[in-house]
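Structure record follows, encoded as structure tokens.
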Amino acid sequence: MSSVARVTTITVRSETSFEDAVATGIARAAQTLRHVSGAWVKEQKVEASEGKITAWSVTLEVSFVLE
């Protein structure tokens with residue numbers, strides 16, 4: 001049996017960590033998209049203020065299988 005997947009790009013920001021940003025992004029994508037099968041972290045970035053990290057951001061390429 002063959003399958004076809006589609007990829008969509010999302011950006012997620014967390015005030016906790018990169019891991020939290022990725023988990024939040026996958027959970028949110030799964031609320032809207034059916035059959036989320038994985039994600040690729042395309043970009044990571046941090047926001048800083050006065051030498052301290054204040055937020056972590058990731059750009060995810062989320063894959064989902066089409067019905």
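Every chain in the structure tokens takes a letter, A first, then B, and so on in the order presented; its residues are numbered from 1, and the ligands are numbered from 1 following the presented order.
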Can you tell me which residues surround Ser14 in chain A at a distance of at most 6 Å, considering only C-alpha atoms, apart from same-chain residues fewer than 5 positions away, and format the answer as an mmCIF file with C-alpha atoms, in the first residue's frame?
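The resulting file, selection.cif, is shown below:
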```cif
data_model
loop_
_atom_site.group_PDB
_atom_site.id
_atom_site.type_symbol
_atom_site.label_atom_id
_atom_site.label_comp_id
_atom_site.auth_asym_id
_atom_site.auth_seq_id
_atom_site.Cartn_x
_atom_site.Cartn_y
_atom_site.Cartn_z
ATOM 1 C CA ALA A 21 8.468 24.733 21.312
ATOM 2 C CA ALA A 55 12.359 32.872 24.373
ATOM 3 C CA TRP A 56 13.109 29.959 22.060
#
```
- Item | strand (DSSP E) per DSSP on the backbone: members of chain A, as a VMD selection string | chain A and resid 5 to 14 36 to 49 52 to 65
Keeping only C-alpha atoms, write the selected residues as a JSON list (two decimals), in the first residue's frame.
```
[["chain", "number", "residue", "atom", "x", "y", "z"],
["A", 5, "ALA", "CA", 2.31, 12.93, 2.50],
["A", 6, "ARG", "CA", 2.17, 16.68, 2.53],
["A", 7, "VAL", "CA", 4.42, 19.11, 4.40],
["A", 8, "THR", "CA", 3.40, 22.40, 6.00],
["A", 9, "THR", "CA", 5.62, 24.98, 7.72],
["A", 10, "ILE", "CA", 4.84, 26.39, 11.16],
["A", 11, "THR", "CA", 6.76, 28.63, 13.56],
["A", 12, "VAL", "CA", 6.44, 28.16, 17.32],
["A", 13, "ARG", "CA", 7.70, 30.29, 20.21],
["A", 14, "SER", "CA", 8.22, 29.09, 23.78],
["A", 36, "VAL", "CA", 0.64, 13.98, 11.52],
["A", 37, "SER", "CA", 3.57, 11.61, 11.01],
["A", 38, "GLY", "CA", 6.59, 13.70, 11.99],
["A", 39, "ALA", "CA", 8.43, 16.99, 11.73],
["A", 40, "TRP", "CA", 11.78, 18.39, 10.73],
["A", 41, "VAL", "CA", 13.27, 21.30, 12.68],
["A", 42, "LYS", "CA", 14.24, 23.68, 9.89],
["A", 43, "GLU", "CA", 15.41, 26.58, 12.04],
["A", 44, "GLN", "CA", 16.06, 27.40, 15.68],
["A", 45, "LYS", "CA", 16.45, 30.85, 17.16],
["A", 46, "VAL", "CA", 16.51, 32.52, 20.53],
["A", 47, "GLU", "CA", 15.44, 35.92, 21.78],
["A", 48, "ALA", "CA", 17.64, 37.58, 24.38],
["A", 49, "SER", "CA", 17.50, 40.56, 26.67],
["A", 52, "LYS", "CA", 19.73, 36.24, 29.02],
["A", 53, "ILE", "CA", 17.59, 34.05, 26.79],
["A", 54, "THR", "CA", 13.95, 35.11, 27.03],
["A", 55, "ALA", "CA", 12.36, 32.87, 24.37],
["A", 56, "TRP", "CA", 13.11, 29.96, 22.06],
["A", 57, "SER", "CA", 11.62, 29.68, 18.55],
["A", 58, "VAL", "CA", 11.55, 26.85, 16.03],
["A", 59, "THR", "CA", 10.40, 26.62, 12.45],
["A", 60, "LEU", "CA", 9.01, 23.15, 11.81],
["A", 61, "GLU", "CA", 8.26, 21.33, 8.57],
["A", 62, "VAL", "CA", 5.34, 19.14, 9.70],
["A", 63, "SER", "CA", 4.50, 16.03, 7.62],
["A", 64, "PHE", "CA", 1.04, 14.53, 7.47],
["A", 65, "VAL", "CA", -0.32, 11.65, 5.41]]
```
Correct to one decimal, the distance CA of Thr32 in chain A-CA of Val4 in chain A is 18.1 Å
